[in-house]
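Here is upload.txt, consisting of compact mmCIF, C-alpha atoms:
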# COMPACT_ATOMS: atom_id res chain seq x y z
CA MET Y 27 -9.46 93.90 -58.37
CA LYS Y 28 -12.91 94.06 -59.94
CA SER Y 29 -16.16 92.77 -58.49
CA ILE Y 30 -18.61 92.31 -61.36
CA LEU Y 31 -21.34 89.97 -62.45
CA LEU Y 32 -19.80 88.01 -65.29
CA THR Y 33 -21.76 88.20 -68.52
CA THR Y 34 -19.01 87.10 -70.89
CA ALA Y 35 -17.66 83.60 -71.36
CA VAL Y 36 -14.70 82.43 -69.32
CA SER Y 37 -12.46 79.42 -69.81
CA ILE Y 38 -11.96 76.30 -67.72
CA SER Y 39 -8.34 75.37 -66.95
CA LEU Y 40 -7.47 72.17 -65.11
CA LEU Y 41 -4.29 70.88 -63.51
CA GLY Y 42 -3.56 67.85 -65.64
CA CYS Y 43 -0.69 65.52 -66.28
CA SER Y 44 0.34 67.21 -69.51
CA ALA Y 45 1.86 70.66 -69.92
CA GLU Y 46 -1.22 71.83 -71.75
CA ALA Y 47 -4.25 72.93 -69.77
CA VAL Y 48 -7.41 70.86 -70.16
CA ARG Y 49 -10.26 72.96 -71.54
CA ASN Y 50 -13.96 72.41 -72.07
CA THR Y 51 -13.93 72.83 -75.83
CA ASP Y 52 -17.46 71.67 -76.58
CA ASP Y 53 -20.71 73.52 -75.97
CA SER Y 54 -21.72 71.47 -72.93
CA PRO Y 55 -23.09 73.52 -70.05
CA LEU Y 56 -21.35 73.34 -66.69
CA ARG Y 57 -23.49 71.18 -64.39
CA VAL Y 58 -22.73 70.88 -60.68
CA SER Y 59 -24.75 68.77 -58.24
CA GLY Y 60 -24.57 67.65 -54.63
CA SER Y 61 -26.52 67.80 -51.38
CA LEU Y 62 -26.65 69.97 -48.26
CA VAL Y 63 -26.23 68.37 -44.84
CA TYR Y 64 -25.52 69.33 -41.24
CA LEU Y 65 -24.53 67.20 -38.27
CA GLU Y 66 -27.12 68.21 -35.68
CA ARG Y 67 -30.31 66.14 -35.53
CA ILE Y 68 -32.69 69.07 -35.64
CA ALA Y 69 -35.51 69.88 -38.02
CA MET Y 70 -35.47 73.21 -39.83
CA PRO Y 71 -38.65 75.34 -39.99
CA PRO Y 72 -40.46 74.93 -43.33
CA GLU Y 73 -39.73 78.57 -44.28
CA THR Y 74 -35.95 77.95 -44.16
CA ARG Y 75 -34.35 78.64 -47.52
CA ALA Y 76 -31.39 76.77 -48.99
CA ILE Y 77 -28.98 78.95 -51.00
CA VAL Y 78 -26.34 77.58 -53.37
CA GLU Y 79 -24.12 79.79 -55.54
CA LEU Y 80 -21.42 79.08 -58.13
CA LYS Y 81 -18.85 81.83 -58.77
CA ALA Y 82 -16.18 82.25 -61.42
CA PHE Y 83 -12.90 84.11 -60.74
CA THR Y 84 -11.02 85.38 -63.82
CA PRO Y 85 -8.31 87.95 -64.55
CA ASP Y 86 -11.13 90.39 -65.43
CA GLY Y 87 -13.06 90.02 -62.19
CA PHE Y 88 -15.42 87.64 -60.43
CA GLY Y 89 -19.11 87.08 -60.05
CA SER Y 90 -22.00 84.64 -59.77
CA ILE Y 91 -22.64 82.45 -62.81
CA ALA Y 92 -25.37 80.21 -61.36
CA SER Y 93 -27.39 80.16 -58.16
CA MET Y 94 -30.54 78.78 -56.55
CA GLU Y 95 -32.72 79.60 -53.54
CA GLU Y 96 -35.23 76.98 -52.50
CA THR Y 97 -37.59 76.80 -49.51
CA PHE Y 98 -37.48 73.62 -47.41
CA ASP Y 99 -41.31 73.32 -47.38
CA GLY Y 100 -41.17 70.62 -44.73
CA ARG Y 101 -38.32 68.65 -46.30
CA GLN Y 102 -35.25 67.84 -44.23
CA ILE Y 103 -31.63 67.05 -45.01
CA PRO Y 104 -30.07 65.94 -47.18
CA ILE Y 105 -31.31 68.63 -49.57
CA PRO Y 106 -30.18 67.84 -53.14
CA PHE Y 107 -29.23 70.62 -55.54
CA GLU Y 108 -28.17 70.99 -59.16
CA LEU Y 109 -26.83 74.11 -60.87
CA GLU Y 110 -26.26 74.69 -64.56
CA ALA Y 111 -24.15 77.45 -66.11
CA ALA Y 112 -23.39 78.23 -69.73
CA SER Y 113 -20.39 76.63 -71.45
CA PHE Y 114 -17.09 78.46 -71.06
CA THR Y 115 -14.24 79.25 -73.41
CA GLY Y 116 -11.77 82.11 -73.31
CA SER Y 117 -10.00 83.46 -70.21
CA PRO Y 118 -8.74 81.09 -67.49
CA ALA Y 119 -10.93 80.82 -64.40
CA VAL Y 120 -11.32 79.30 -60.96
CA PHE Y 121 -14.83 78.13 -60.01
CA GLU Y 122 -16.13 77.98 -56.43
CA LEU Y 123 -19.32 76.68 -54.86
CA LYS Y 124 -20.78 77.92 -51.58
CA ALA Y 125 -24.04 77.15 -49.78
CA GLY Y 126 -26.01 78.42 -46.82
CA LEU Y 127 -29.33 78.39 -45.00
CA GLU Y 128 -31.43 81.55 -44.55
CA LEU Y 129 -34.17 81.93 -41.94
CA ASP Y 130 -36.08 85.12 -41.08
CA GLY Y 131 -33.71 87.16 -43.22
CA ARG Y 132 -30.56 85.83 -41.49
CA ILE Y 133 -27.89 83.40 -42.66
CA ILE Y 134 -27.84 80.72 -39.97
CA ARG Y 135 -25.57 78.09 -41.56
CA ALA Y 136 -22.98 78.03 -44.32
CA SER Y 137 -20.45 75.77 -45.99
CA GLU Y 138 -16.85 76.63 -46.64
CA PRO Y 139 -16.05 77.52 -50.26
CA VAL Y 140 -15.49 74.44 -52.42
CA THR Y 141 -13.38 74.70 -55.57
CA VAL Y 142 -15.02 73.06 -58.59
CA PHE Y 143 -13.01 71.67 -61.49
CA PRO Y 144 -15.49 71.23 -64.36
CA SER Y 145 -15.42 68.75 -67.19
CA SER Y 146 -17.68 67.86 -70.10
CA THR Y 147 -19.59 65.55 -67.73
CA PRO Y 148 -21.62 66.69 -64.71
CA VAL Y 149 -19.61 67.35 -61.55
CA ASP Y 150 -20.87 65.82 -58.29
CA VAL Y 151 -19.34 67.59 -55.28
CA GLY Y 152 -21.01 65.22 -52.82
CA GLU Y 153 -22.21 66.52 -49.46
CA LEU Y 154 -21.65 70.14 -48.48
CA LEU Y 155 -21.43 70.35 -44.69
CA LEU Y 156 -23.32 73.35 -43.28
CA ARG Y 157 -21.97 74.65 -39.98
CA PRO Y 158 -23.36 77.41 -37.73
CA PHE Y 159 -22.51 80.58 -39.62
CA ASP Y 160 -19.71 82.85 -38.40
CA VAL Y 161 -18.82 85.72 -40.70
CA ARG Y 162 -15.22 85.61 -39.43
CA ASP Y 163 -14.62 82.08 -40.73
CA TYR Y 164 -14.28 83.05 -44.40
CA GLY Y 165 -15.36 86.69 -44.45
CA THR Y 166 -13.38 89.51 -46.01
CA ALA Y 167 -11.72 91.92 -43.57
CA MET Y 168 -11.74 95.65 -44.32
CA ASP Y 169 -10.13 98.63 -42.60
CA CYS Y 170 -12.57 101.52 -42.33
CA GLY Y 171 -10.44 104.31 -40.89
CA GLY Y 172 -9.23 102.11 -38.04
CA THR Y 173 -12.53 100.23 -37.58
CA GLU Y 174 -12.46 96.59 -38.64
CA VAL Y 175 -15.44 95.50 -40.72
CA VAL Y 176 -15.85 91.88 -41.83
CA PHE Y 177 -18.35 90.76 -44.43
CA ASP Y 178 -19.30 87.59 -46.27
CA THR Y 179 -21.79 86.94 -49.06
CA ILE Y 180 -23.98 83.98 -49.99
CA GLY Y 181 -26.13 84.53 -53.04
CA GLU Y 182 -27.94 87.85 -52.71
CA HIS Y 183 -27.31 87.95 -48.95
CA LEU Y 184 -24.47 89.69 -47.13
CA VAL Y 185 -23.59 89.48 -43.44
CA MET Y 186 -21.51 92.36 -42.08
CA GLN Y 187 -19.83 92.49 -38.67
CA VAL Y 188 -18.88 95.84 -37.16
CA GLY Y 189 -17.42 95.48 -33.69
CA ALA Y 190 -19.57 92.94 -31.86
CA GLU Y 191 -22.67 93.57 -34.01
CA ASP Y 192 -23.81 91.56 -37.03
CA PHE Y 193 -25.98 93.06 -39.77
CA THR Y 194 -27.78 91.01 -42.41
CA LEU Y 195 -28.11 92.83 -45.75
CA ARG Y 196 -29.52 91.97 -49.16
CA ARG Y 197 -28.39 93.09 -52.57
CA VAL Y 198 -30.32 95.98 -54.10
CA PRO Y 199 -30.10 97.60 -57.55
CA ALA Y 200 -27.20 100.05 -58.03
CA ALA Y 201 -26.16 102.21 -60.98
CA SER Y 202 -22.56 101.06 -60.50
CA GLY Y 203 -20.69 98.77 -58.13
CA VAL Y 204 -22.57 96.40 -55.82
CA ARG Y 205 -24.86 97.66 -53.06
CA TYR Y 206 -26.37 95.82 -50.08
CA GLU Y 207 -28.90 97.21 -47.60
CA SER Y 208 -30.61 95.89 -44.51
CA THR Y 209 -34.11 94.74 -45.47
CA GLY Y 210 -36.44 97.73 -45.63
CA ASP Y 211 -33.92 99.91 -43.76
CA PRO Y 212 -31.11 101.72 -45.64
CA SER Y 213 -29.53 102.91 -42.35
CA ALA Y 214 -27.18 99.91 -42.61
CA SER Y 215 -25.55 99.36 -45.98
CA LEU Y 216 -22.40 98.35 -47.84
CA PHE Y 217 -21.52 99.73 -51.26
CA ASN Y 218 -18.65 97.80 -52.82
CA LYS Y 219 -16.45 99.39 -55.49
CA GLY Y 220 -13.75 96.81 -56.18
CA ALA Y 221 -11.04 97.05 -53.50
CA ARG Y 222 -12.89 99.87 -51.71
CA ALA Y 223 -16.26 100.09 -50.00
CA ASP Y 224 -18.55 102.55 -48.25
CA VAL Y 225 -20.16 101.24 -45.05
CA THR Y 226 -23.05 102.85 -43.20
CA VAL Y 227 -24.12 101.69 -39.73
CA ARG Y 228 -27.24 103.15 -38.08
CA GLY Y 229 -27.18 106.01 -40.53
CA GLU Y 230 -23.53 106.92 -39.86
CA THR Y 231 -21.07 106.47 -42.73
CA LEU Y 232 -17.66 105.14 -41.71
CA PRO Y 233 -14.44 106.41 -43.32
CA GLU Y 234 -13.85 104.79 -46.71
CA CYS Y 235 -13.03 101.11 -46.29
CA THR Y 236 -10.11 99.43 -48.03
CA ILE Y 237 -9.86 95.72 -48.81
CA ASP Y 238 -6.31 94.39 -48.82
CA MET Y 239 -6.23 91.93 -51.74
CA THR Y 240 -2.45 91.86 -52.30
CA PRO Y 241 -0.06 89.39 -50.65
CA THR Y 242 2.22 91.42 -48.36
CA ASP Y 243 4.91 88.74 -48.16
CA PRO Y 244 5.97 85.84 -50.36
CA VAL Y 245 3.91 82.72 -49.64
CA HIS Y 246 5.56 79.31 -49.38
CA ALA Y 247 3.49 76.19 -48.62
CA THR Y 248 4.50 72.52 -48.69
CA GLY Y 249 2.80 69.18 -48.21
CA ASN Y 250 3.56 65.47 -48.24
CA GLU Y 251 1.98 62.28 -49.58
CA PRO Y 252 1.98 63.29 -52.39
CA PRO Y 253 4.69 65.94 -52.08
CA TRP Y 254 3.89 69.43 -53.35
CA ILE Y 255 5.26 72.96 -53.07
CA ALA Y 256 3.23 76.09 -53.79
CA SER Y 257 4.75 79.56 -53.69
CA ILE Y 258 3.47 83.03 -54.49
CA GLU Y 259 5.80 85.85 -55.50
CA GLY Y 260 4.01 89.05 -56.41
CA ASP Y 261 0.95 88.01 -58.42
CA GLN Y 262 2.34 84.68 -59.66
CA LEU Y 263 1.67 81.24 -58.14
CA THR Y 264 4.11 78.40 -58.84
CA LEU Y 265 3.21 74.77 -58.12
CA ILE Y 266 5.86 72.02 -58.02
CA THR Y 267 4.72 68.39 -57.96
CA GLU Y 268 5.99 64.89 -58.72
CA TYR Y 269 9.18 65.35 -56.66
CA GLY Y 270 10.19 68.38 -58.70
CA ALA Y 271 9.55 66.83 -62.09
CA THR Y 272 6.59 69.10 -62.87
CA THR Y 273 6.47 72.88 -62.42
CA ARG Y 274 3.46 74.97 -63.41
CA THR Y 275 2.68 78.65 -62.95
CA ALA Y 276 -0.43 80.80 -63.09
CA PRO Y 277 -1.35 84.41 -62.28
CA VAL Y 278 -3.21 85.02 -59.03
CA VAL Y 279 -6.58 86.28 -60.28
CA ASN Y 280 -8.05 86.89 -56.82
CA ALA Y 281 -6.66 87.17 -53.29
CA HIS Y 282 -9.22 87.12 -50.50
CA ARG Y 283 -7.75 88.21 -47.16
CA GLY Y 284 -9.99 87.25 -44.26
CA VAL Y 285 -9.69 87.34 -40.50
CA SER Y 286 -8.07 83.92 -40.16
CA VAL Y 287 -7.89 82.60 -43.74
CA THR Y 288 -6.34 84.08 -46.87
CA ARG Y 289 -7.55 82.41 -50.07
CA TYR Y 290 -5.64 82.71 -53.33
CA ARG Y 291 -7.25 81.77 -56.66
CA ALA Y 292 -4.80 81.28 -59.51
CA ALA Y 293 -5.74 80.55 -63.13
CA GLY Y 294 -3.66 80.42 -66.28
CA ASP Y 295 -2.97 78.32 -69.35
CA GLU Y 296 -1.08 75.70 -67.29
CA LEU Y 297 -2.90 75.69 -64.01
CA ALA Y 298 -6.06 76.50 -62.05
CA VAL Y 299 -6.01 76.03 -58.25
CA SER Y 300 -7.13 77.56 -54.97
CA LEU Y 301 -4.69 77.90 -52.08
CA ASN Y 302 -5.94 78.46 -48.51
CA ILE Y 303 -3.56 79.79 -45.86
CA ARG Y 304 -5.06 79.64 -42.35
CA SER Y 305 -3.60 81.29 -39.22
CA GLU Y 306 -3.11 78.21 -37.05
CA VAL Y 307 -0.07 76.24 -35.98
CA CYS Y 308 0.60 73.35 -38.35
CA ASN Y 309 3.00 70.47 -37.71
CA ASP Y 310 4.72 68.96 -40.74
CA SER Y 311 3.36 65.44 -41.24
CA MET Y 312 6.84 63.96 -41.74
CA THR Y 313 9.16 65.93 -39.42
CA GLY Y 314 6.72 67.28 -36.85
CA MET Y 315 8.26 70.74 -37.24
CA PRO Y 316 5.66 73.43 -36.39
CA HIS Y 317 4.81 76.20 -38.85
CA PRO Y 318 2.70 79.32 -38.25
CA TYR Y 319 0.04 78.47 -40.87
CA SER Y 320 -1.82 75.47 -42.22
CA ALA Y 321 -2.30 75.22 -45.99
CA SER Y 322 -4.70 73.43 -48.29
CA LEU Y 323 -4.44 73.29 -52.07
CA ALA Y 324 -7.55 72.45 -54.11
CA SER Y 325 -6.72 70.79 -57.41
CA PRO Y 326 -8.49 68.27 -59.71
CA GLN Y 327 -6.65 65.54 -57.81
CA GLY Y 328 -8.45 66.55 -54.62
CA VAL Y 329 -7.56 68.75 -51.66
CA LEU Y 330 -3.92 68.50 -50.60
CA HIS Y 331 -2.93 69.53 -47.08
CA GLY Y 332 0.29 70.97 -45.73
CA CYS Y 333 1.91 73.80 -43.81
CA ALA Y 334 3.07 77.32 -44.66
CA GLY Y 335 5.32 80.00 -43.24
CA GLN Y 336 8.65 79.77 -41.45
CA PRO Y 337 9.06 77.95 -38.11
CA SER Y 338 11.44 80.72 -37.01
CA ASP Y 339 8.53 83.16 -37.07
CA LEU Y 340 6.83 81.17 -34.30
CA LEU Y 341 9.91 81.36 -32.11
CA ALA Y 342 10.49 85.07 -32.74
CA LYS Y 343 6.82 86.08 -32.43
CA HIS Y 344 7.08 86.58 -28.65
CA ALA Y 345 9.52 86.85 -25.81
CA TRP Y 346 8.82 83.86 -23.54
CA LYS Y 347 8.63 83.34 -19.76
CA VAL Y 348 9.42 79.84 -18.46
CA THR Y 349 6.52 78.29 -16.50
CA MET Y 350 7.75 74.69 -16.19
CA LEU Y 351 11.34 73.43 -16.02
CA ASP Y 352 11.74 69.68 -16.57
CA GLY Y 353 8.39 68.98 -14.94
CA GLN Y 354 8.79 71.41 -12.03
CA ALA Y 355 7.36 74.90 -11.53
CA PRO Y 356 10.27 77.38 -11.27
CA LEU Y 357 10.82 80.04 -8.63
CA SER Y 358 8.60 83.03 -9.29
CA GLU Y 359 11.50 85.47 -8.93
CA PRO Y 360 13.85 86.03 -10.58
CA SER Y 361 12.12 84.67 -13.69
CA MET Y 362 13.67 82.77 -16.58
CA THR Y 363 12.99 84.34 -19.98
CA ILE Y 364 13.82 83.42 -23.57
CA GLN Y 365 13.87 85.54 -26.72
CA PHE Y 366 14.83 84.29 -30.19
CA LEU Y 367 16.53 86.85 -32.42
CA PRO Y 368 16.65 85.32 -35.92
CA GLU Y 369 18.39 88.36 -37.46
CA ASP Y 370 21.37 87.71 -35.18
CA GLY Y 371 20.98 83.94 -35.02
CA ILE Y 372 20.99 83.95 -31.22
CA VAL Y 373 18.65 83.24 -28.33
CA ALA Y 374 18.99 85.43 -25.25
CA GLY Y 375 17.27 86.16 -21.97
CA SER Y 376 17.45 85.68 -18.23
CA SER Y 377 18.61 82.34 -16.80
CA SER Y 378 17.46 83.40 -13.29
CA CYS Y 379 20.35 85.22 -11.66
CA ASN Y 380 22.21 86.09 -14.86
CA ARG Y 381 21.66 87.03 -18.47
CA PHE Y 382 22.53 84.46 -21.14
CA ASN Y 383 22.86 84.14 -24.91
CA ALA Y 384 23.63 81.32 -27.31
CA PRO Y 385 23.79 80.80 -31.08
CA TYR Y 386 20.98 78.60 -32.40
CA THR Y 387 20.35 76.73 -35.62
CA LEU Y 388 16.95 75.77 -36.99
CA THR Y 389 16.72 73.21 -39.78
CA GLY Y 390 13.74 71.46 -41.32
CA GLU Y 391 13.89 68.86 -38.55
CA ARG Y 392 15.78 70.22 -35.52
CA LEU Y 393 16.37 73.19 -33.23
CA GLU Y 394 19.77 73.27 -31.54
CA LEU Y 395 21.56 75.68 -29.19
CA SER Y 396 25.32 75.81 -28.73
CA ASN Y 397 27.98 77.57 -26.61
CA ILE Y 398 25.68 79.02 -23.97
CA ALA Y 399 27.36 82.06 -22.43
CA GLY Y 400 26.26 84.45 -19.69
CA THR Y 401 27.12 86.95 -17.02
CA MET Y 402 28.80 85.82 -13.78
CA MET Y 403 26.72 87.31 -10.96
CA LEU Y 404 26.21 85.32 -7.75
CA CYS Y 405 22.79 84.75 -6.20
CA SER Y 406 21.40 82.48 -3.50
CA GLU Y 407 22.13 78.77 -3.65
CA GLU Y 408 18.53 77.99 -4.60
CA ILE Y 409 18.54 80.44 -7.51
CA MET Y 410 21.94 79.30 -8.76
CA ALA Y 411 20.75 75.68 -8.73
CA GLN Y 412 17.74 76.63 -10.84
CA GLU Y 413 19.98 78.50 -13.25
CA GLN Y 414 22.23 75.49 -13.74
CA GLU Y 415 19.20 73.28 -14.36
CA PHE Y 416 17.92 75.77 -16.93
CA LYS Y 417 21.22 75.83 -18.80
CA ARG Y 418 21.45 72.04 -18.68
CA VAL Y 419 18.06 71.64 -20.34
CA LEU Y 420 18.85 74.31 -22.94
CA SER Y 421 22.12 72.61 -23.88
CA GLY Y 422 20.27 69.47 -24.99
CA ILE Y 423 17.41 71.08 -26.94
CA GLU Y 424 16.61 69.20 -30.16
CA GLY Y 425 13.17 70.53 -31.14
CA PHE Y 426 10.20 72.71 -30.25
CA ASP Y 427 6.44 72.92 -30.53
CA ILE Y 428 3.60 75.36 -29.85
CA ASP Y 429 0.66 73.78 -28.02
CA ALA Y 430 -3.06 74.58 -28.37
CA ASP Y 431 -2.77 77.26 -25.68
CA GLY Y 432 0.08 79.05 -27.46
CA MET Y 433 2.74 77.74 -25.05
CA LEU Y 434 6.28 77.14 -26.28
CA GLU Y 435 7.69 73.69 -25.59
CA LEU Y 436 11.44 73.17 -25.89
CA ARG Y 437 12.50 69.54 -25.61
CA GLY Y 438 15.67 67.48 -25.98
CA SER Y 439 18.03 64.95 -24.49
CA GLU Y 440 18.35 66.84 -21.19
CA GLY Y 441 14.65 67.38 -20.55
CA GLN Y 442 12.06 69.96 -21.54
CA LEU Y 443 10.66 73.32 -20.56
CA LEU Y 444 7.42 75.19 -21.15
CA ALA Y 445 7.14 78.94 -21.61
CA ARG Y 446 4.29 81.37 -22.22
CA PRO Y 447 4.35 84.62 -24.17
CA THR Y 448 5.41 87.50 -21.92
CA THR Y 449 3.04 90.38 -21.18
CA THR Y 450 3.52 94.00 -20.16
CA ASP Y 451 3.12 92.87 -16.53
CA ASP Y 452 6.14 90.52 -16.67
Kindly return the structure encoded in the file as structure tokens.
Amino acid sequence: MKSILLTTAVSISLLGCSAEAVRNTDDSPLRVSGSLVYLERIAMPPETRAIVELKAFTPDGFGSIASMEETFDGRQIPIPFELEAASFTGSPAVFELKAGLELDGRIIRASEPVTVFPSSTPVDVGELLLRPFDVRDYGTAMDCGGTEVVFDTIGEHLVMQVGAEDFTLRRVPAASGVRYESTGDPSASLFNKGARADVTVRGETLPECTIDMTPTDPVHATGNEPPWIASIEGDQLTLITEYGATTRTAPVVNAHRGVSVTRYRAAGDELAVSLNIRSEVCNDSMTGMPHPYSASLASPQGVLHGCAGQPSDLLAKHAWKVTMLDGQAPLSEPSMTIQFLPEDGIVAGSSSCNRFNAPYTLTGERLELSNIAGTMMLCSEEIMAQEQEFKRVLSGIEGFDIDADGMLELRGSEGQLLARPTTTDD
């Protein structure tokens, strides 16, 4: 993966209705306009600077192709902007716009990246919402010899987080690669060399940092209304639309692995899209089935939303301890525990007095357990009654969910139960 300032022409590929990609074949420049807004009713100091940057991602690398920095000078939101870049022909590309506010050398607000699909006419992206800046929202995560370093760039500015500390850096000239230093103080710096980087904090250089840009597992994301399926195998993205009638593919030209979001940019002769995979539970809009990730696909038709990952991964992620059984708190001891073992297709654990196991099936709409079996030990009447209630509820399970607190909810015709992830103290 290269990180270079693009000086050569790149092409514009759009997801259209035909099998051929739509290209900007004339000499028109790429014009992008919009405005910067934020929700809070506060006035920014006049020295606040608005930063807007347009990047191009191609098979040969990525870099800024147009940018602006403009001081507020007493003006307030909305702040209009307009960027113009040279016309593009040649290699396929994905274009992204990002904006931020800088005050006293620090980035204080930023927008999320917005994918731009150019045409021969000016593109109006509307309002870019600026939120309080957090480098972990869309920053790139690096491993520096066991130390996690997260960084994000807006224009010439870079914010780097090491541990609980944030450092604001600015780009400086470099013979090769891309170098950022804290203003007037080189004791904090980042020198980027493609998928590797050197980081210095307070004069101490960390072990060489590596940026993981390669998908570790196949990616499968789906959405409804309209239906779409996007999958990534190796470095190839495949998009299926129109109920399976249309299939397009494109190479992944850039994979950006962040703390909570992984962003894939794919561009080829048939297709140019951006796919965001965020680490948060997502419920399918038609079936309600939970998935471990939410997904958004930016295409010329707009931003399509859906889910990604396998529901079974949510079940198998933890062993679970029951905290509520059909609306009642269970006995503290002996506890009831549940563990899903997808390799064996069974769920097992403690039903209070005894151990239990049962085959389970998970479809796109339902979770079902069958033939619950267990050991035959005898305990007190109170414990045995709880065990029978537990098995009764399990026998009627029809579905599951993960709530905002990470609790597992199993529900069905015989009632429901709640369980939390187990800890080393359980």
Near-Y:Val175 list (6 Å; all atoms listed in the file; drop same-chain fewer than 4 positions) as a list in words: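 These residues fall inside the cut-off: Ala167, Met168, Gln187 and Val188 of chain Y.
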Write the residues you've just listed into a file as a compact mmCIF listing (two decimals), in the coordinates of the input, and include C-alpha atoms for each of them.
# COMPACT_ATOMS: atom_id res chain seq x y z
CA ALA Y 167 -11.72 91.92 -43.57
CA MET Y 168 -11.74 95.65 -44.32
CA GLN Y 187 -19.83 92.49 -38.67
CA VAL Y 188 -18.88 95.84 -37.16
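Across the model, the gap from atom CA of Y:Leu62 to atom CA of Y:Pro106 is 6.4 Å.
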What separation in Å, quoted to one decimal, exists between atom CA of Y:Trp254 and atom CA of Y:Phe121? 21.7 Å
Using Å and a single decimal, report how far atom CA of Y:Ala76 sits from atom CA of Y:Asp160. 16.9 Å
Between Y:Glu359, Y:Glu424, Y:Arg75, Y:Leu297, which has the minimum distance to Y:Thr387 (counting only C-alpha atoms)?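 Closest to Y:Thr387 of all the choices is Y:Glu424.
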Pick from Y:Met70, Y:Ala321, Y:Ala292, Y:Val373: nearest to Y:Ser396, with all atoms listed in the file counted?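 For Y:Ser396, the nearest of the given residues is Y:Val373.
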All residues 8 Å or closer to Y:Lys347, only C-alpha atoms, same chain fewer than 4 positions away omitted, as number ranges by chain: Y: 361-364, 445-448
Identify the residues within 7 Å of coordinate (2.1, 69.0, -45.0) (same frame as the file), considering only C-alpha atoms, and give the answer as a list of chain:residue names. Y:Thr248, Y:Gly249, Y:Asn250, Y:Asp310, Y:Ser311, Y:His331, Y:Gly332, Y:Cys333
Choose the residue, out of Y:Lys219, Y:Arg57, Y:His183, Y:His282, that has the smallest atom-to-atom separation from Y:Glu234; count all atoms listed in the file. Y:Lys219
Give me, as a PDB file with C-alpha atoms, in the frame of the given file, all polymer residues having an atom no more than 6 Å from Y:Ser322, counting only C-alpha atoms and skipping those fewer than 4 positions away in the same chain.
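As written to disk, around39.pdb reads:
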ATOM      1  CA  LEU Y 301      -4.690  77.900 -52.080  1.00  0.00           C
ATOM      2  CA  ASN Y 302      -5.940  78.460 -48.510  1.00  0.00           C
ATOM      3  CA  LEU Y 330      -3.920  68.500 -50.600  1.00  0.00           C
ATOM      4  CA  HIS Y 331      -2.930  69.530 -47.080  1.00  0.00           C
TER       5      HIS Y 331
END
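Shortest separation to Y:Leu184 among Y:Ala201, Y:Ile134, Y:Gly229, Y:Val419 occurs at residue Y:Ile134, atoms counted being all atoms listed in the file.
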Restricting the calculation to all atoms listed in the file: of Y:Ile423, Y:Cys405, Y:Leu195, Y:Ala271, which residue gets closest to Y:Gly131?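 Looking at the shortest contact to Y:Gly131, the residue is Y:Leu195.
Of the residues under consideration (Y:Thr173, Y:Thr389, Y:Ala345, Y:Phe143), Y:Ala345 shows the shortest atom-to-atom contact distance to Y:Thr449 when counting only C-alpha atoms.
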Residues at most 10 Å from Y:Asp339, counting all atoms listed in the file, excluding those fewer than 3 positions away in the same chain, as a PyMOL selection string? chain Y and resi 317-318+335-336+342-344+366-368
Output file for the residues above (C-alpha atoms, as an mmCIF file, keeping the file's coordinate frame):
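See result-v6.cif below for the written result:
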data_model
loop_
_atom_site.group_PDB
_atom_site.id
_atom_site.type_symbol
_atom_site.label_atom_id
_atom_site.label_comp_id
_atom_site.auth_asym_id
_atom_site.auth_seq_id
_atom_site.Cartn_x
_atom_site.Cartn_y
_atom_site.Cartn_z
ATOM 1 C CA HIS Y 317 4.810 76.200 -38.850
ATOM 2 C CA PRO Y 318 2.700 79.320 -38.250
ATOM 3 C CA GLY Y 335 5.320 80.000 -43.240
ATOM 4 C CA GLN Y 336 8.650 79.770 -41.450
ATOM 5 C CA ALA Y 342 10.490 85.070 -32.740
ATOM 6 C CA LYS Y 343 6.820 86.080 -32.430
ATOM 7 C CA HIS Y 344 7.080 86.580 -28.650
ATOM 8 C CA PHE Y 366 14.830 84.290 -30.190
ATOM 9 C CA LEU Y 367 16.530 86.850 -32.420
ATOM 10 C CA PRO Y 368 16.650 85.320 -35.920
#
